[in-house]
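Here's the structure we're looking at; comments come further down.
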Amino acid sequence: MNQTYVIFFNRTCVHDCPGHGCYGDEIVGMFRAPPREVNLLPPSSWEKRMIPWPDPVDVIIAALRVHGVLEASDLRAICGLRTTLRAYDQAAYLVREGEEPEHCAILVSGFAFRQKLTSAGTRAIVSLHVPGDILDIANLYLDVADHNVQTLVRSVIVTVPRAQLRDVARAHPVIGQALFLSSLKEASILREWVVNVGRRDAKRALAHLLCEFARRMGHDGRDPSLVYEFPMTQEQIGDALGLTSVHVNRMMRSMQLDGLISQRGRMVRFSWSEDLRDLADFSARYLHLDQNLIAFSPA
């Protein structure tokens, strides 16, 4: 049954913006109910069913602060954006190829991926997205989507009308630069994925994909005991690496025998081991993690 997510807001400024008149949506919580029940729920049931939820403005600020130093005027502009926070089920389409996008989205929790389909119905997964990623930054300026974006697992998304975000980026150079840097990092990751599909053998390519996932999830190499669960199925891994599910299964069995990974149900479990990094010949240079904060002063 379809679910409706009802979110409760307090209109207040929580972003340390100096001056007056700057308000963001401070989300108190939310509850879930079938659509026909939304108007029937008594107020006494709200507190019991509310779930702590992030402020969408905070999500946008955090995503942009990765790529630039935001000033007070930038924060005020972000607080003025019309934001929508929504939960999506697994495999939900966020963007469909051939359609005109209306929003720009940021992933709050869960995972998402970009994919393209051939006329024969085969699929290529061309990117994986982790929390904090701007999912469809290309569609900020392109009028027709040339790929699909789907959730990999149940996910929470913040969306902003793309026309409004374009206007803010044009009027605030720091925000515009942050969006530009995000697109450059995305292009760099895509180049590495091309190398992974075209020039690495299957076992090395899979190891590289796992290493990238761990590094993008924030692993800094100081705790090799951390264990990750990779959210892709064997079929999805095959679509990301240009391999059949049978070939992926064979590579995974080999890596299990080598002690590099284990499986829990359909999920791959692995740790940030030196052996895995050596197999992948992994370097995080293409992720440009040292490009996190750039002060920008417009002329």
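Each chain in the structure tokens gets a letter, A, B and so on, in the order shown; residues start at 1 in every chain, and ligands are counted from 1 in the order they appear.
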### Residues within 10 Å of A:Ser182, only C-alpha atoms, excluding chain neighbours under 6 positions, as a list in words
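So the residues in contact are Ala63, Leu64, Val66, His67, Asp133, Ile134, Ile137, Gly176, Ser188 and Asn292 of chain A.
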Next, the residues of the selection above should be written as a tab-separated table (two decimals), in the first residue's frame with N, CA and C atoms.
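Output contents, as saved in result_13.tsv:
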chain	number	residue	atom	x	y	z
A	63	ALA	N	26.00	19.65	2.06
A	63	ALA	CA	26.46	19.20	0.74
A	63	ALA	C	27.30	20.27	0.06
A	64	LEU	N	26.94	21.54	0.22
A	64	LEU	CA	27.69	22.61	-0.42
A	64	LEU	C	28.96	22.96	0.33
A	66	VAL	N	31.01	21.03	1.61
A	66	VAL	CA	32.08	20.12	1.21
A	66	VAL	C	32.95	20.77	0.14
A	67	HIS	N	32.38	21.67	-0.64
A	67	HIS	CA	33.06	22.23	-1.80
A	67	HIS	C	33.32	23.73	-1.71
A	133	ASP	N	25.59	13.12	-1.49
A	133	ASP	CA	25.79	13.39	-2.92
A	133	ASP	C	24.62	14.17	-3.51
A	134	ILE	N	24.94	15.09	-4.43
A	134	ILE	CA	23.93	15.72	-5.26
A	134	ILE	C	23.68	14.77	-6.43
A	137	ILE	N	23.05	16.66	-10.70
A	137	ILE	CA	23.53	18.03	-10.90
A	137	ILE	C	23.56	18.41	-12.38
A	176	GLY	N	27.60	28.71	-6.58
A	176	GLY	CA	27.83	28.27	-7.96
A	176	GLY	C	29.10	27.48	-8.10
A	188	SER	N	35.20	13.06	-12.57
A	188	SER	CA	36.43	12.33	-12.28
A	188	SER	C	36.12	10.88	-11.89
A	292	ASN	N	38.26	19.57	-0.41
A	292	ASN	CA	37.01	19.73	0.32
A	292	ASN	C	36.63	21.17	0.61
### Query
Among stretch 17-223 of chain A, which ones does DSSP place in alpha helix (DSSP H), written as a PyMOL selection string?
chain A and resi 46-49+56-65+72-79+162-171+173-199+202-216
### Task
Between atom CA of A:Thr122 and atom CA of A:Asp239, measure the distance and give it in Å to one decimal.
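Those two atoms sit 8.5 Å apart.
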### Summary
With distances taken over only C-alpha atoms, the candidate from A:Arg215, A:His129, A:Arg162, A:Arg65 nearest A:Cys104 is A:Arg162
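Checking A:Val174, A:Leu81, A:Ala138, A:Leu94 one by one against A:Val69, counting only C-alpha atoms, you find the shortest gap at A:Val174.
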Per DSSP on the backbone, what are the strand (DSSP E) residues of stretch 93-293 of chain A, as a compact mmCIF listing (two decimals) with N, CA and C atoms, in the first residue's frame?
# COMPACT_ATOMS: atom_id res chain seq x y z
N TYR A 93 12.24 5.34 -9.02
CA TYR A 93 12.85 6.24 -9.99
C TYR A 93 12.79 7.67 -9.46
N LEU A 94 13.94 8.31 -9.41
CA LEU A 94 14.03 9.72 -9.04
C LEU A 94 14.09 10.60 -10.28
N VAL A 95 14.72 10.09 -11.32
CA VAL A 95 14.81 10.77 -12.62
C VAL A 95 14.60 9.70 -13.69
N HIS A 103 13.43 19.15 -10.51
CA HIS A 103 14.10 19.37 -9.24
C HIS A 103 15.56 18.92 -9.30
N CYS A 104 16.33 19.40 -8.37
CA CYS A 104 17.67 18.89 -8.11
C CYS A 104 17.60 18.19 -6.76
N ALA A 105 18.22 17.02 -6.63
CA ALA A 105 18.05 16.19 -5.44
C ALA A 105 19.38 15.95 -4.74
N ILE A 106 19.30 15.83 -3.41
CA ILE A 106 20.46 15.48 -2.58
C ILE A 106 20.07 14.26 -1.76
N LEU A 107 20.96 13.28 -1.72
CA LEU A 107 20.71 12.04 -1.00
C LEU A 107 21.02 12.23 0.48
N VAL A 108 20.01 12.03 1.32
CA VAL A 108 20.17 12.19 2.76
C VAL A 108 20.62 10.88 3.40
N SER A 109 19.92 9.81 3.09
CA SER A 109 20.28 8.49 3.61
C SER A 109 19.95 7.44 2.57
N ALA A 112 21.89 5.40 -4.01
CA ALA A 112 21.21 5.54 -5.30
C ALA A 112 22.21 5.25 -6.41
N PHE A 113 21.71 5.08 -7.63
CA PHE A 113 22.60 4.83 -8.75
C PHE A 113 22.01 5.43 -10.02
N ARG A 114 22.90 5.72 -10.97
CA ARG A 114 22.49 6.15 -12.30
C ARG A 114 22.58 4.96 -13.23
N GLN A 115 21.67 4.87 -14.17
CA GLN A 115 21.72 3.76 -15.11
C GLN A 115 21.14 4.16 -16.45
N LYS A 116 21.57 3.45 -17.47
CA LYS A 116 21.03 3.62 -18.82
C LYS A 116 20.65 2.25 -19.36
N LEU A 117 19.59 2.22 -20.15
CA LEU A 117 19.11 0.98 -20.76
C LEU A 117 19.36 1.01 -22.25
N ARG A 123 21.07 -3.33 -19.08
CA ARG A 123 21.28 -2.15 -18.26
C ARG A 123 22.76 -1.95 -17.96
N ALA A 124 23.19 -0.71 -17.94
CA ALA A 124 24.53 -0.35 -17.47
C ALA A 124 24.37 0.63 -16.31
N ILE A 125 24.92 0.27 -15.16
CA ILE A 125 24.96 1.19 -14.02
C ILE A 125 26.24 2.02 -14.16
N VAL A 126 26.08 3.33 -14.21
CA VAL A 126 27.22 4.19 -14.53
C VAL A 126 27.71 5.01 -13.34
N SER A 127 27.03 4.93 -12.21
CA SER A 127 27.55 5.60 -11.00
C SER A 127 26.78 5.11 -9.78
N LEU A 128 27.44 5.22 -8.65
CA LEU A 128 26.86 4.87 -7.35
C LEU A 128 26.93 6.11 -6.47
N HIS A 129 25.85 6.37 -5.74
CA HIS A 129 25.81 7.58 -4.92
C HIS A 129 25.58 7.24 -3.45
N ASN A 148 18.68 7.50 -16.24
CA ASN A 148 17.77 7.26 -15.13
C ASN A 148 18.53 7.32 -13.81
N VAL A 149 17.85 7.77 -12.76
CA VAL A 149 18.40 7.72 -11.40
C VAL A 149 17.41 6.96 -10.54
N GLN A 150 17.91 5.92 -9.84
CA GLN A 150 17.05 5.09 -8.99
C GLN A 150 17.66 4.93 -7.61
N THR A 151 16.80 4.67 -6.64
CA THR A 151 17.29 4.32 -5.32
C THR A 151 17.77 2.87 -5.32
N SER A 155 15.51 5.02 0.69
CA SER A 155 16.34 6.21 0.81
C SER A 155 15.50 7.44 1.12
N VAL A 156 16.16 8.45 1.66
CA VAL A 156 15.53 9.74 1.94
C VAL A 156 16.23 10.79 1.08
N ILE A 157 15.43 11.62 0.43
CA ILE A 157 15.92 12.59 -0.55
C ILE A 157 15.40 13.98 -0.21
N VAL A 158 16.25 14.99 -0.37
CA VAL A 158 15.82 16.39 -0.34
C VAL A 158 15.83 16.90 -1.77
N THR A 159 14.75 17.55 -2.19
CA THR A 159 14.70 18.12 -3.53
C THR A 159 14.50 19.63 -3.45
N VAL A 160 15.06 20.32 -4.47
CA VAL A 160 14.94 21.76 -4.60
C VAL A 160 14.54 22.05 -6.04
N PRO A 161 13.60 22.94 -6.30
CA PRO A 161 13.27 23.30 -7.68
C PRO A 161 14.53 23.76 -8.42
N VAL A 227 34.06 -2.96 9.13
CA VAL A 227 33.48 -3.86 8.14
C VAL A 227 32.32 -3.15 7.44
N TYR A 228 32.29 -3.24 6.12
CA TYR A 228 31.26 -2.60 5.32
C TYR A 228 30.36 -3.65 4.68
N GLU A 229 29.11 -3.28 4.49
CA GLU A 229 28.19 -4.09 3.70
C GLU A 229 27.91 -3.35 2.41
N PHE A 230 28.32 -3.94 1.30
CA PHE A 230 28.12 -3.31 -0.01
C PHE A 230 26.68 -3.54 -0.43
N ILE A 261 36.65 -10.98 1.17
CA ILE A 261 35.25 -10.61 1.38
C ILE A 261 34.51 -11.79 2.01
N SER A 262 33.31 -11.52 2.49
CA SER A 262 32.39 -12.57 2.92
C SER A 262 31.01 -12.16 2.45
N GLN A 263 30.06 -13.05 2.56
CA GLN A 263 28.70 -12.74 2.14
C GLN A 263 27.73 -12.96 3.27
N ARG A 264 26.78 -12.02 3.38
CA ARG A 264 25.71 -12.14 4.36
C ARG A 264 24.42 -11.99 3.59
N MET A 267 24.27 -9.64 0.42
CA MET A 267 25.19 -8.52 0.58
C MET A 267 26.64 -8.99 0.72
N VAL A 268 27.54 -8.20 0.14
CA VAL A 268 28.97 -8.46 0.26
C VAL A 268 29.49 -7.71 1.47
N ARG A 269 30.23 -8.38 2.33
CA ARG A 269 30.86 -7.76 3.50
C ARG A 269 32.36 -7.77 3.31
N PHE A 270 33.01 -6.66 3.66
CA PHE A 270 34.46 -6.58 3.49
C PHE A 270 35.04 -5.55 4.44
N SER A 271 36.33 -5.64 4.67
CA SER A 271 37.03 -4.66 5.50
C SER A 271 38.07 -3.95 4.64
Distance table requested - stretch 142-208 of chain A against stretch 245-258 of chain A, cut-off 10 Å, only C-alpha atoms: one row per qualifying residue with the closest atom pair and its distance in Å to one decimal, ordered by chain and rising residue number, as a Markdown table.
| residue | atom | partner | partner_atom | distance |
| --- | --- | --- | --- | --- |
| A:Ala202 | CA | A:Met251 | CA | 7.0 |
| A:Lys203 | CA | A:Met251 | CA | 5.6 |
| A:Arg204 | CA | A:Met251 | CA | 9.3 |
| A:Leu206 | CA | A:Met251 | CA | 8.1 |
| A:Ala207 | CA | A:Met255 | CA | 8.8 |
